[in-house]
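> Sharing input.cif here; it has mmCIF, C-alpha atoms (C1' of nucleotides).
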```cif
data_my_file
#
loop_
_atom_site.label_atom_id
_atom_site.label_comp_id
_atom_site.auth_asym_id
_atom_site.auth_seq_id
_atom_site.Cartn_x
_atom_site.Cartn_y
_atom_site.Cartn_z
CA MET A 215 -0.05 -22.98 -28.29
CA LYS A 216 -3.26 -22.55 -26.44
CA LYS A 217 -6.80 -22.60 -27.59
CA LYS A 218 -8.39 -19.23 -27.78
CA LYS A 219 -11.55 -18.28 -26.03
CA LYS A 220 -12.65 -21.71 -24.91
CA ASN A 221 -12.35 -20.80 -21.28
CA GLU A 222 -13.59 -24.21 -20.28
CA ASN A 223 -12.19 -24.08 -16.81
CA SER A 224 -12.23 -20.57 -15.52
CA SER A 225 -11.78 -19.36 -11.95
CA LYS A 226 -15.09 -19.38 -10.24
CA ILE A 227 -14.00 -16.73 -7.84
CA PHE A 228 -14.46 -14.04 -10.46
CA GLU A 229 -17.91 -15.17 -11.43
CA GLY A 230 -21.32 -16.20 -10.26
CA HIS A 231 -21.96 -12.96 -8.50
CA ASP A 232 -25.58 -11.86 -8.37
CA HIS A 233 -24.91 -8.22 -7.89
CA GLY A 234 -28.50 -7.07 -7.68
CA ALA A 235 -28.98 -9.24 -4.64
CA CYS A 236 -25.54 -8.36 -3.31
CA PHE A 237 -26.29 -4.65 -3.44
CA GLY A 238 -29.55 -4.92 -1.56
CA ASP A 239 -28.15 -7.35 0.96
CA ALA A 240 -25.15 -5.17 1.57
CA ILE A 241 -27.24 -2.11 2.29
CA THR A 242 -29.47 -4.08 4.61
CA GLN A 243 -26.49 -5.56 6.38
CA ILE A 244 -24.84 -2.24 6.98
CA GLU A 245 -28.09 -0.71 8.17
CA ASP A 246 -28.66 -3.51 10.64
CA TYR A 247 -25.11 -3.39 11.87
CA PHE A 248 -25.21 0.36 12.43
CA ILE A 249 -28.47 0.17 14.34
CA GLN A 250 -27.22 -2.67 16.46
CA LYS A 251 -23.97 -0.88 17.27
CA LYS A 252 -25.70 2.48 17.67
CA LEU A 253 -23.63 4.08 14.97
CA GLN A 254 -24.81 6.76 12.59
CA LEU A 255 -25.25 5.71 9.02
CA THR A 256 -25.21 9.30 7.81
CA PRO A 257 -25.96 10.31 4.22
CA LEU A 258 -22.25 10.72 3.57
CA ARG A 259 -21.33 7.33 4.95
CA ARG A 260 -24.18 5.70 3.14
CA LYS A 261 -23.21 7.38 -0.10
CA VAL A 262 -19.58 6.28 0.13
CA PHE A 263 -20.66 2.73 0.77
CA GLU A 264 -23.14 2.87 -2.11
CA ILE A 265 -20.47 4.19 -4.44
CA LEU A 266 -18.24 1.28 -3.54
CA ILE A 267 -20.94 -1.34 -3.73
CA GLU A 268 -22.34 0.11 -6.95
CA ASP A 269 -19.99 -1.54 -9.38
CA HIS A 270 -18.20 -3.49 -6.71
CA LYS A 271 -14.67 -2.91 -7.85
CA PRO A 272 -11.76 -1.13 -6.21
CA LEU A 273 -11.87 2.64 -6.41
CA GLY A 274 -9.17 5.11 -5.50
CA ALA A 275 -9.93 7.68 -2.84
CA TYR A 276 -9.92 10.44 -5.42
CA GLU A 277 -12.35 8.59 -7.66
CA ILE A 278 -14.67 8.30 -4.71
CA LEU A 279 -14.20 12.00 -4.04
CA ASP A 280 -15.18 12.82 -7.61
CA LYS A 281 -18.34 10.82 -7.26
CA LEU A 282 -19.10 12.43 -3.94
CA GLY A 283 -18.65 15.83 -5.51
CA LYS A 284 -21.05 14.95 -8.32
CA ALA A 285 -23.56 13.79 -5.74
CA GLY A 286 -23.42 17.16 -4.00
CA PHE A 287 -21.10 16.32 -1.13
CA SER A 288 -17.86 18.03 -0.33
CA SER A 289 -14.96 16.56 -2.20
CA SER A 290 -11.92 17.54 -0.24
CA PRO A 291 -9.67 14.59 0.52
CA PRO A 292 -10.22 14.24 4.26
CA ILE A 293 -13.92 13.66 3.65
CA ALA A 294 -13.27 10.45 1.78
CA TYR A 295 -10.41 9.22 3.91
CA ARG A 296 -12.31 9.70 7.13
CA VAL A 297 -15.35 7.86 5.99
CA LEU A 298 -13.27 5.12 4.43
CA ASP A 299 -11.32 4.65 7.64
CA PHE A 300 -14.56 4.40 9.53
CA LEU A 301 -16.05 1.85 7.16
CA ILE A 302 -12.82 -0.16 7.17
CA GLU A 303 -12.78 -0.16 10.95
CA HIS A 304 -16.22 -1.70 10.98
CA GLY A 305 -15.40 -4.23 8.29
CA PHE A 306 -17.53 -2.94 5.43
CA VAL A 307 -14.66 -1.80 3.28
CA HIS A 308 -11.18 -3.13 2.64
CA LYS A 309 -8.16 -1.41 1.27
CA VAL A 310 -6.44 -3.14 -1.60
CA GLN A 311 -2.84 -2.16 -0.95
CA GLY A 312 -1.51 -3.19 -4.29
CA LEU A 313 -3.85 -0.74 -6.01
CA ASN A 314 -4.09 2.01 -3.42
CA ALA A 315 -7.79 1.45 -3.69
CA PHE A 316 -10.83 0.64 -1.64
CA ILE A 317 -13.43 -2.03 -2.16
CA ALA A 318 -16.67 -2.94 -0.44
CA CYS A 319 -16.39 -6.08 1.63
CA SER A 320 -18.08 -9.05 0.02
CA ASN A 321 -19.18 -10.51 3.26
CA PRO A 322 -18.76 -8.41 6.36
CA LYS A 323 -20.02 -11.24 8.54
CA HIS A 324 -17.31 -13.69 7.62
CA SER A 325 -14.12 -12.19 6.36
CA HIS A 326 -11.87 -10.98 9.07
CA PHE A 327 -8.80 -11.92 7.12
CA PRO A 328 -9.75 -11.92 3.48
CA THR A 329 -7.59 -12.76 0.52
CA PHE A 330 -7.77 -10.58 -2.58
CA VAL A 331 -7.09 -12.11 -5.94
CA ILE A 332 -6.19 -9.49 -8.52
CA CYS A 333 -5.91 -10.01 -12.25
CA ARG A 334 -3.29 -7.61 -13.56
CA LYS A 335 -4.79 -7.74 -17.03
CA CYS A 336 -8.55 -7.29 -16.69
CA GLU A 337 -8.04 -5.74 -13.27
CA LYS A 338 -10.85 -7.71 -11.75
CA VAL A 339 -10.55 -8.28 -8.05
CA ALA A 340 -12.12 -11.13 -6.15
CA GLU A 341 -12.37 -11.40 -2.40
CA VAL A 342 -11.96 -14.89 -1.00
CA SER A 343 -12.95 -15.45 2.58
CA GLU A 344 -10.47 -16.92 4.97
CA GLU A 345 -12.48 -20.12 5.26
CA LYS A 346 -12.16 -20.73 1.58
CA SER A 347 -8.73 -19.40 0.79
CA GLY A 348 -6.84 -21.93 2.85
CA LEU A 349 -4.27 -19.22 3.17
CA ASN A 350 -4.86 -18.11 6.68
CA LEU A 351 -4.01 -21.16 8.64
CA PRO A 352 -1.96 -20.17 11.64
CA SER A 353 1.65 -21.03 11.00
CA PRO A 354 3.85 -22.80 13.49
CA GLU A 355 6.47 -20.13 12.88
CA ILE A 356 4.08 -17.37 13.77
CA THR A 357 2.20 -18.79 16.72
CA ASN A 358 3.74 -16.35 19.15
CA PHE A 359 2.70 -13.35 17.17
CA LYS A 360 -0.73 -11.86 17.75
CA ILE A 361 -2.16 -11.12 14.33
CA GLU A 362 -4.49 -8.15 14.30
CA LYS A 363 -4.73 -7.46 10.64
CA THR A 364 -3.70 -9.19 7.45
CA THR A 365 -2.94 -8.01 3.97
CA ILE A 366 -3.09 -10.94 1.60
CA GLU A 367 -3.14 -10.14 -2.06
CA LEU A 368 -2.44 -12.48 -4.92
CA THR A 369 -1.64 -10.78 -8.19
CA GLY A 370 -1.46 -12.62 -11.46
CA ILE A 371 -3.63 -13.53 -14.34
CA CYS A 372 -7.09 -15.02 -14.31
CA SER A 373 -7.96 -17.98 -16.49
CA THR A 374 -10.16 -15.89 -18.75
CA CYS A 375 -7.32 -13.52 -19.53
CA GLU A 376 -4.82 -16.32 -19.83
CA ASN A 377 -6.95 -18.14 -22.36
CA ALA A 378 -7.25 -14.91 -24.30
CA GLU A 379 -3.47 -14.54 -24.49
CA ILE A 380 -2.55 -16.33 -27.69
CA ARG A 381 1.12 -15.58 -27.96
CA MET B 105 -2.71 -10.24 34.39
CA LYS B 106 0.47 -11.13 32.67
CA LYS B 107 3.95 -11.40 33.94
CA LYS B 108 6.15 -8.60 32.83
CA LYS B 109 9.37 -9.02 30.99
CA LYS B 110 9.69 -12.77 31.30
CA ASN B 111 9.33 -13.26 27.59
CA GLU B 112 9.80 -16.97 28.04
CA ASN B 113 8.17 -17.90 24.81
CA SER B 114 8.85 -15.24 22.26
CA SER B 115 8.49 -15.45 18.50
CA LYS B 116 11.64 -16.85 17.09
CA ILE B 117 11.04 -15.20 13.79
CA PHE B 118 12.25 -11.87 15.15
CA GLU B 119 15.41 -13.26 16.62
CA GLY B 120 18.46 -15.41 16.09
CA HIS B 121 19.72 -13.36 13.22
CA ASP B 122 23.49 -13.26 12.78
CA HIS B 123 23.65 -10.08 10.86
CA GLY B 124 27.38 -9.94 10.36
CA ALA B 125 27.20 -13.18 8.45
CA CYS B 126 23.97 -12.15 6.77
CA PHE B 127 25.52 -8.98 5.40
CA GLY B 128 28.51 -10.73 3.92
CA ASP B 129 26.45 -13.57 2.54
CA ALA B 130 23.98 -11.22 1.00
CA ILE B 131 26.64 -9.24 -0.83
CA THR B 132 28.22 -12.44 -2.07
CA GLN B 133 24.90 -13.80 -3.19
CA ILE B 134 23.98 -10.73 -5.15
CA GLU B 135 27.41 -10.57 -6.75
CA ASP B 136 27.19 -14.18 -7.84
CA TYR B 137 23.69 -13.78 -9.13
CA PHE B 138 24.57 -10.69 -11.16
CA ILE B 139 27.59 -12.35 -12.72
CA GLN B 140 25.62 -15.45 -13.53
CA LYS B 141 22.79 -13.47 -15.11
CA LYS B 142 25.19 -11.03 -16.78
CA LEU B 143 23.70 -8.06 -15.03
CA GLN B 144 25.57 -4.99 -13.92
CA LEU B 145 25.99 -4.57 -10.21
CA THR B 146 26.81 -0.90 -10.58
CA PRO B 147 28.00 1.30 -7.69
CA LEU B 148 24.52 2.74 -7.39
CA ARG B 149 22.79 -0.62 -7.29
CA ARG B 150 25.32 -1.97 -4.87
CA LYS B 151 24.94 1.05 -2.64
CA VAL B 152 21.16 0.80 -2.54
CA PHE B 153 21.39 -2.85 -1.63
CA GLU B 154 24.01 -2.13 1.01
CA ILE B 155 21.85 0.59 2.52
CA LEU B 156 18.98 -1.86 2.80
CA ILE B 157 21.04 -4.72 4.13
CA GLU B 158 22.93 -2.45 6.53
CA ASP B 159 20.42 -2.43 9.35
CA HIS B 160 18.08 -4.80 7.63
CA LYS B 161 14.86 -3.04 8.31
CA PRO B 162 12.30 -1.45 5.99
CA LEU B 163 13.27 1.95 4.65
CA GLY B 164 11.13 4.40 2.72
CA ALA B 165 12.27 5.43 -0.73
CA TYR B 166 13.04 8.91 0.51
CA GLU B 167 15.12 7.62 3.40
CA ILE B 168 17.13 5.66 0.89
CA LEU B 169 17.45 8.77 -1.24
CA ASP B 170 18.83 10.72 1.71
CA LYS B 171 21.43 8.08 2.32
CA LEU B 172 22.31 8.01 -1.35
CA GLY B 173 22.72 11.75 -1.29
CA LYS B 174 25.03 11.58 1.69
CA ALA B 175 27.07 8.94 -0.11
CA GLY B 176 27.55 11.25 -3.06
CA PHE B 177 24.93 9.87 -5.41
CA SER B 178 22.11 11.77 -6.97
CA SER B 179 19.07 11.89 -4.76
CA SER B 180 16.20 12.65 -7.06
CA PRO B 181 13.32 10.24 -6.62
CA PRO B 182 13.52 8.29 -9.88
CA ILE B 183 17.03 7.20 -8.97
CA ALA B 184 15.82 5.27 -5.98
CA TYR B 185 12.63 3.95 -7.49
CA ARG B 186 14.37 2.64 -10.58
CA VAL B 187 17.02 0.79 -8.69
CA LEU B 188 14.49 -0.54 -6.21
CA ASP B 189 12.28 -1.82 -9.00
CA PHE B 190 15.26 -3.52 -10.52
CA LEU B 191 16.30 -5.18 -7.29
CA ILE B 192 12.73 -6.22 -6.59
CA GLU B 193 12.45 -7.74 -10.04
CA HIS B 194 15.46 -9.89 -9.31
CA GLY B 195 14.28 -10.88 -5.86
CA PHE B 196 16.80 -9.06 -3.71
CA VAL B 197 14.41 -6.53 -2.30
CA HIS B 198 10.77 -6.65 -1.30
CA LYS B 199 8.30 -3.89 -0.85
CA VAL B 200 6.40 -3.87 2.42
CA GLN B 201 3.10 -2.44 1.27
CA GLY B 202 1.77 -1.73 4.71
CA LEU B 203 4.68 0.60 5.39
CA ASN B 204 5.37 1.96 1.91
CA ALA B 205 8.87 0.74 2.51
CA PHE B 206 11.52 -1.50 1.07
CA ILE B 207 13.49 -4.26 2.71
CA ALA B 208 16.34 -6.49 1.62
CA CYS B 209 15.25 -10.04 0.99
CA SER B 210 16.33 -12.42 3.74
CA ASN B 211 16.86 -15.28 1.40
CA PRO B 212 16.77 -14.54 -2.30
CA LYS B 213 17.23 -18.20 -3.13
CA HIS B 214 14.11 -19.40 -1.39
CA SER B 215 11.43 -16.83 -0.96
CA HIS B 216 9.37 -16.31 -4.01
CA PHE B 217 6.27 -15.67 -1.98
CA PRO B 218 7.38 -14.47 1.41
CA THR B 219 5.26 -13.50 4.35
CA PHE B 220 6.09 -10.39 6.32
CA VAL B 221 5.26 -10.24 9.97
CA ILE B 222 5.10 -6.70 11.25
CA CYS B 223 4.91 -5.61 14.87
CA ARG B 224 2.98 -2.35 15.01
CA LYS B 225 4.60 -1.45 18.31
CA CYS B 226 8.33 -2.03 17.98
CA GLU B 227 8.01 -1.87 14.20
CA LYS B 228 10.21 -4.89 13.71
CA VAL B 229 9.59 -6.78 10.53
CA ALA B 230 10.37 -10.45 9.99
CA GLU B 231 10.36 -12.24 6.70
CA VAL B 232 9.10 -15.79 6.79
CA SER B 233 9.76 -17.94 3.76
CA GLU B 234 6.91 -19.65 2.04
CA GLU B 235 8.13 -23.06 3.13
CA LYS B 236 7.87 -22.06 6.74
CA SER B 237 4.87 -19.79 6.77
CA GLY B 238 2.39 -22.43 5.78
CA LEU B 239 0.46 -19.60 4.24
CA ASN B 240 1.09 -20.18 0.61
CA LEU B 241 -0.57 -23.47 0.06
CA PRO B 242 -2.45 -23.35 -3.18
CA SER B 243 -6.11 -22.98 -2.46
CA PRO B 244 -8.80 -24.99 -4.16
CA GLU B 245 -10.65 -21.75 -4.78
CA ILE B 246 -7.71 -20.20 -6.55
CA THR B 247 -6.36 -23.07 -8.60
CA ASN B 248 -7.41 -21.53 -11.89
CA PHE B 249 -5.65 -18.31 -11.18
CA LYS B 250 -2.00 -18.00 -12.11
CA ILE B 251 -0.29 -16.30 -9.20
CA GLU B 252 2.66 -14.20 -10.25
CA LYS B 253 3.21 -12.17 -7.15
CA THR B 254 1.96 -12.19 -3.60
CA THR B 255 1.66 -9.60 -0.91
CA ILE B 256 1.25 -11.30 2.41
CA GLU B 257 1.65 -9.17 5.47
CA LEU B 258 0.59 -9.93 9.00
CA THR B 259 0.37 -6.93 11.26
CA GLY B 260 -0.06 -7.21 14.98
CA ILE B 261 2.00 -7.38 18.09
CA CYS B 262 5.03 -9.52 18.79
CA SER B 263 5.32 -11.47 21.99
CA THR B 264 8.06 -9.22 23.35
CA CYS B 265 5.86 -6.16 23.02
CA GLU B 266 2.82 -7.97 24.27
CA ASN B 267 4.60 -9.08 27.40
CA ALA B 268 5.73 -5.51 27.92
CA GLU B 269 2.16 -4.23 27.79
CA ILE B 270 1.05 -4.40 31.38
CA ARG B 271 -2.34 -2.81 31.28
"C1'" DG C 286 -31.39 27.67 29.06
"C1'" DA C 287 -26.40 27.90 29.32
"C1'" DT C 288 -22.57 24.70 29.40
"C1'" DT C 289 -20.19 20.95 28.13
"C1'" DA C 290 -18.77 16.83 25.64
"C1'" DG C 291 -19.13 13.97 21.76
"C1'" DT C 292 -19.61 13.35 17.05
"C1'" DG C 293 -19.75 14.34 12.12
"C1'" DT C 294 -18.60 17.27 8.40
"C1'" DG C 295 -16.22 21.14 6.02
"C1'" DT C 296 -11.91 23.73 4.65
"C1'" DT C 297 -7.12 25.02 3.95
"C1'" DA C 298 -2.79 23.78 3.65
"C1'" DT C 299 0.72 20.61 3.40
"C1'" DG C 300 3.12 16.22 3.64
"C1'" DT C 301 4.42 11.89 1.49
"C1'" DT C 302 4.97 8.63 -2.11
"C1'" DA C 303 5.62 7.74 -6.95
"C1'" DT C 304 6.06 8.45 -12.01
"C1'" DA C 305 6.39 10.77 -16.75
"C1'" DA C 306 9.25 12.67 -19.96
"C1'" DC C 307 13.30 13.90 -21.55
"C1'" DA C 308 18.64 14.47 -21.43
"C1'" DT C 309 23.24 12.62 -21.02
"C1'" DG C 310 26.90 9.27 -20.84
"C1'" DT C 311 29.10 5.03 -21.95
"C1'" DA C 312 30.08 0.56 -23.75
"C1'" DA C 313 29.26 -3.11 -27.18
"C1'" DT C 314 27.93 -4.25 -31.93
"C1'" DG C 315 27.39 -4.14 -36.76
"C1'" DC D 21 31.15 5.88 -36.89
"C1'" DA D 22 26.17 4.95 -36.57
"C1'" DT D 23 23.21 2.23 -33.88
"C1'" DT D 24 21.58 -0.02 -29.89
"C1'" DA D 25 21.09 -1.07 -25.29
"C1'" DC D 26 21.57 0.20 -20.84
"C1'" DA D 27 22.39 3.07 -16.72
"C1'" DT D 28 22.01 7.36 -14.67
"C1'" DG D 29 20.71 12.23 -14.19
"C1'" DT D 30 17.16 16.15 -14.08
"C1'" DT D 31 12.86 18.69 -14.00
"C1'" DA D 32 8.38 18.73 -13.24
"C1'" DT D 33 4.22 16.84 -11.79
"C1'" DA D 34 0.95 13.27 -10.50
"C1'" DA D 35 -1.23 10.51 -7.07
"C1'" DC D 36 -2.08 9.41 -2.43
"C1'" DA D 37 -2.73 10.84 2.36
"C1'" DT D 38 -2.95 13.62 6.71
"C1'" DA D 39 -2.61 17.71 10.10
"C1'" DA D 40 -4.88 21.31 12.07
"C1'" DC D 41 -8.46 24.04 12.75
"C1'" DA D 42 -13.58 25.59 12.16
"C1'" DC D 43 -18.29 24.87 12.58
"C1'" DA D 44 -22.77 22.62 13.30
"C1'" DC D 45 -25.75 19.44 15.72
"C1'" DT D 46 -27.17 16.46 19.43
"C1'" DA D 47 -27.57 14.85 24.00
"C1'" DA D 48 -26.54 15.12 28.82
"C1'" DT D 49 -25.81 17.93 32.89
"C1'" DC D 50 -25.85 21.86 35.82
#
```
Please express what this file holds, its structure, as structure tokens.

Amino acid sequence: MKKKKKNENSSKIFEGHDHGACFGDAITQIEDYFIQKKLQLTPLRRKVFEILIEDHKPLGAYEILDKLGKAGFSSSPPIAYRVLDFLIEHGFVHKVQGLNAFIACSNPKHSHFPTFVICRKCEKVAEVSEEKSGLNLPSPEITNFKIEKTTIELTGICSTCENAEIR
Amino acid sequence: MKKKKKNENSSKIFEGHDHGACFGDAITQIEDYFIQKKLQLTPLRRKVFEILIEDHKPLGAYEILDKLGKAGFSSSPPIAYRVLDFLIEHGFVHKVQGLNAFIACSNPKHSHFPTFVICRKCEKVAEVSEEKSGLNLPSPEITNFKIEKTTIELTGICSTCENAEIR
DNA sequence: GATTAGTGTGTTATGTTATAACATGTAATG
DNA sequence: CATTACATGTTATAACATAACACACTAATC
């Protein structure tokens, strides 16, 4: 049997996130990037990004649409999907395949090939950059394949939730 | 500029597959496993597995349903999804998230955490076992997370297709 | 200043993927 | 034979995603 609630050794990847700073930084980063690339950070695009960065968790397209609607934008599906595709293309949003959901990128500068770590119980999702994950080393078996895009998602249970499971 | 069609150095992962043997082996393996685990390899389950192993490429649930229908089985969606879930649970089928499709496992004995390599041009999909991919090394960042399931998919372009692209 | 091309958003309709809820059948067990 | 466990069948609907077309705005060009 395990001790309950001690949580003496939890995964750091789910913690230590100063979201106030993150939010501001993220907005600044996207603004700078758009200026530099001469792209339009329109109210709609900005709003979608803000929605995603707001609580920084994966949201389904239709959840985003609801929020857009409440903010006075159109809420027909193509609106969300188009903007999401655009933001994904430029690295500010990722799709979490296992959840059919979208999440703001934690670090657009670094993570070309991020790993997502998903707790199936508390449903928290952490993004681990390729430098840190150790998961994206090129494989000898795959050296002749030109990787353009990766989907790397690890689903399981985080230490906090595991410690809480007494059974 | 690249030479066309020489293909002197192609990814082995997409080749060297003796499918006649594979098919027979796969059926034998699943039969043995089901007997050993006292599970029922019913006509429906067998048929779904055969459909998937037949040309050994990813099939959508509704493609499988069509084939089931033509083989005289019911073809309402839950039929396929239930059997697929069951086969996935026991490691004989994987879902390729990037394609919303299902594929027979290349090696049910070995691949708990397989990597799928997907050519976006010829749409071939190769399964690389965790031993060979080098992608599933436990990461220091993730050591406190209990991984139950992985989705690892590399999308890009295989050497055959790349050599064929002349532009 | 009309014309054109490019871009961003809006709208309608529809396509695709997946599941909930309930019904039926069958075999093994007490 | 009542109970259960399991497998399959059926209807309806939910959830996710895109096609096709319309319109507005800007900037560049004639």
> Could you pull the residues within 7 Å of Val331 (chain A), counting only C-alpha atoms (C1' of nucleotides), minus those fewer than 4 positions along the same chain, as a VMD selection string?
chain A and resid 339 to 341 367 to 369
> Rounded to one decimal, what separation in Å do you get between CA of Cys319 (chain A) and CA of Val307 (chain A)?
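Separation between CA of Cys319 (chain A) and CA of Val307 (chain A): 4.9 Å.
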> Is it possible to get the axis-aligned box enclosing region 299-310 of chain C (all listed atoms, 3 Å extra per side) as lines of an AutoDock Vina configuration file, with centre and edge lengths in Å rounded to one decimal?

```
center_x = 13.8
center_y = 14.2
center_z = -9.0
size_x = 32.2
size_y = 18.9
size_z = 31.2
```
> If the PyMOL selection byres ((chain B) within 12 of (chain D)) were run on this exact file, what residues would it hold? Put them as an MDAnalysis selection string.
chainID B and resid 143:149 177:184 186:187 190 204
> Could you state the separation of CA of Asp136 (chain B) and CA of Pro162 (chain B) in Å, given to one decimal place?
24.0 Å
> Starting from the PyMOL selection byres ((chain C) within 10 of (chain B)), expand the selection into actual residues of this file and give them as a VMD selection string.
chain C and resid 301 to 304
> Do you have the CA of Thr242 (chain A)-CA of Ile317 (chain A) distance handy?
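We find that CA of Thr242 (chain A) and CA of Ile317 (chain A) lie 17.5 Å from each other.
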> Written as number ranges by chain, what is the full residue list that the PyMOL selection byres ((chain B and resi 155-161) around 8) yields on the file shown?
B: 127, 130, 151-154, 162-163, 168, 171, 206-208, 228-229
> Keeping only C-alpha atoms, write the selected residues to a file as a PDB file, in the frame of the given file.

```pdb
ATOM      1  CA  PHE B 127      25.520  -8.980   5.400  1.00  0.00           C
ATOM      2  CA  ALA B 130      23.980 -11.220   1.000  1.00  0.00           C
ATOM      3  CA  LYS B 151      24.940   1.050  -2.640  1.00  0.00           C
ATOM      4  CA  VAL B 152      21.160   0.800  -2.540  1.00  0.00           C
ATOM      5  CA  PHE B 153      21.390  -2.850  -1.630  1.00  0.00           C
ATOM      6  CA  GLU B 154      24.010  -2.130   1.010  1.00  0.00           C
ATOM      7  CA  PRO B 162      12.300  -1.450   5.990  1.00  0.00           C
ATOM      8  CA  LEU B 163      13.270   1.950   4.650  1.00  0.00           C
ATOM      9  CA  ILE B 168      17.130   5.660   0.890  1.00  0.00           C
ATOM     10  CA  LYS B 171      21.430   8.080   2.320  1.00  0.00           C
ATOM     11  CA  PHE B 206      11.520  -1.500   1.070  1.00  0.00           C
ATOM     12  CA  ILE B 207      13.490  -4.260   2.710  1.00  0.00           C
ATOM     13  CA  ALA B 208      16.340  -6.490   1.620  1.00  0.00           C
ATOM     14  CA  LYS B 228      10.210  -4.890  13.710  1.00  0.00           C
ATOM     15  CA  VAL B 229       9.590  -6.780  10.530  1.00  0.00           C
TER      16      VAL B 229
END
```
> Generate the missing atoms of region 293-307 of chain A up to N, CA, C and O atoms and report them as a PDB file, in the frame of the given file.

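Listed below is the output, out.pdb:
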```pdb
ATOM      1  N   ILE A 293     -12.559  14.193   3.639  1.00  0.00           N
ATOM      2  CA  ILE A 293     -13.920  13.660   3.650  1.00  0.00           C
ATOM      3  C   ILE A 293     -13.917  12.183   3.316  1.00  0.00           C
ATOM      4  O   ILE A 293     -14.450  11.350   4.056  1.00  0.00           O
ATOM      5  N   ALA A 294     -13.286  11.858   2.203  1.00  0.00           N
ATOM      6  CA  ALA A 294     -13.270  10.450   1.780  1.00  0.00           C
ATOM      7  C   ALA A 294     -12.466   9.591   2.743  1.00  0.00           C
ATOM      8  O   ALA A 294     -12.931   8.544   3.182  1.00  0.00           O
ATOM      9  N   TYR A 295     -11.276  10.056   3.075  1.00  0.00           N
ATOM     10  CA  TYR A 295     -10.410   9.220   3.910  1.00  0.00           C
ATOM     11  C   TYR A 295     -11.031   8.921   5.272  1.00  0.00           C
ATOM     12  O   TYR A 295     -10.908   7.834   5.805  1.00  0.00           O
ATOM     13  N   ARG A 296     -11.692   9.925   5.827  1.00  0.00           N
ATOM     14  CA  ARG A 296     -12.310   9.700   7.130  1.00  0.00           C
ATOM     15  C   ARG A 296     -13.401   8.652   7.084  1.00  0.00           C
ATOM     16  O   ARG A 296     -13.454   7.747   7.921  1.00  0.00           O
ATOM     17  N   VAL A 297     -14.254   8.810   6.090  1.00  0.00           N
ATOM     18  CA  VAL A 297     -15.350   7.860   5.990  1.00  0.00           C
ATOM     19  C   VAL A 297     -14.823   6.464   5.661  1.00  0.00           C
ATOM     20  O   VAL A 297     -15.271   5.463   6.223  1.00  0.00           O
ATOM     21  N   LEU A 298     -13.852   6.420   4.772  1.00  0.00           N
ATOM     22  CA  LEU A 298     -13.270   5.120   4.430  1.00  0.00           C
ATOM     23  C   LEU A 298     -12.658   4.446   5.655  1.00  0.00           C
ATOM     24  O   LEU A 298     -12.871   3.263   5.898  1.00  0.00           O
ATOM     25  N   ASP A 299     -11.910   5.206   6.426  1.00  0.00           N
ATOM     26  CA  ASP A 299     -11.320   4.650   7.640  1.00  0.00           C
ATOM     27  C   ASP A 299     -12.403   4.078   8.554  1.00  0.00           C
ATOM     28  O   ASP A 299     -12.252   3.001   9.122  1.00  0.00           O
ATOM     29  N   PHE A 300     -13.466   4.830   8.662  1.00  0.00           N
ATOM     30  CA  PHE A 300     -14.560   4.400   9.530  1.00  0.00           C
ATOM     31  C   PHE A 300     -15.173   3.095   9.030  1.00  0.00           C
ATOM     32  O   PHE A 300     -15.386   2.151   9.802  1.00  0.00           O
ATOM     33  N   LEU A 301     -15.435   3.041   7.741  1.00  0.00           N
ATOM     34  CA  LEU A 301     -16.050   1.850   7.160  1.00  0.00           C
ATOM     35  C   LEU A 301     -15.099   0.647   7.215  1.00  0.00           C
ATOM     36  O   LEU A 301     -15.525  -0.490   7.418  1.00  0.00           O
ATOM     37  N   ILE A 302     -13.816   0.918   7.070  1.00  0.00           N
ATOM     38  CA  ILE A 302     -12.820  -0.160   7.170  1.00  0.00           C
ATOM     39  C   ILE A 302     -12.808  -0.712   8.598  1.00  0.00           C
ATOM     40  O   ILE A 302     -12.831  -1.918   8.816  1.00  0.00           O
ATOM     41  N   GLU A 303     -12.804   0.227   9.541  1.00  0.00           N
ATOM     42  CA  GLU A 303     -12.780  -0.160  10.950  1.00  0.00           C
ATOM     43  C   GLU A 303     -13.925  -1.107  11.302  1.00  0.00           C
ATOM     44  O   GLU A 303     -13.770  -2.006  12.109  1.00  0.00           O
ATOM     45  N   HIS A 304     -15.046  -0.875  10.669  1.00  0.00           N
ATOM     46  CA  HIS A 304     -16.220  -1.700  10.980  1.00  0.00           C
ATOM     47  C   HIS A 304     -16.403  -2.839   9.976  1.00  0.00           C
ATOM     48  O   HIS A 304     -17.433  -3.504   9.965  1.00  0.00           O
ATOM     49  N   GLY A 305     -15.408  -3.023   9.125  1.00  0.00           N
ATOM     50  CA  GLY A 305     -15.400  -4.230   8.290  1.00  0.00           C
ATOM     51  C   GLY A 305     -16.231  -4.181   7.035  1.00  0.00           C
ATOM     52  O   GLY A 305     -16.440  -5.215   6.403  1.00  0.00           O
ATOM     53  N   PHE A 306     -16.701  -3.007   6.636  1.00  0.00           N
ATOM     54  CA  PHE A 306     -17.530  -2.940   5.430  1.00  0.00           C
ATOM     55  C   PHE A 306     -16.734  -2.585   4.190  1.00  0.00           C
ATOM     56  O   PHE A 306     -17.235  -2.665   3.076  1.00  0.00           O
ATOM     57  N   VAL A 307     -15.535  -2.171   4.405  1.00  0.00           N
ATOM     58  CA  VAL A 307     -14.660  -1.800   3.280  1.00  0.00           C
ATOM     59  C   VAL A 307     -13.270  -2.359   3.572  1.00  0.00           C
ATOM     60  O   VAL A 307     -12.859  -2.454   4.733  1.00  0.00           O
TER      61      VAL A 307
END
```
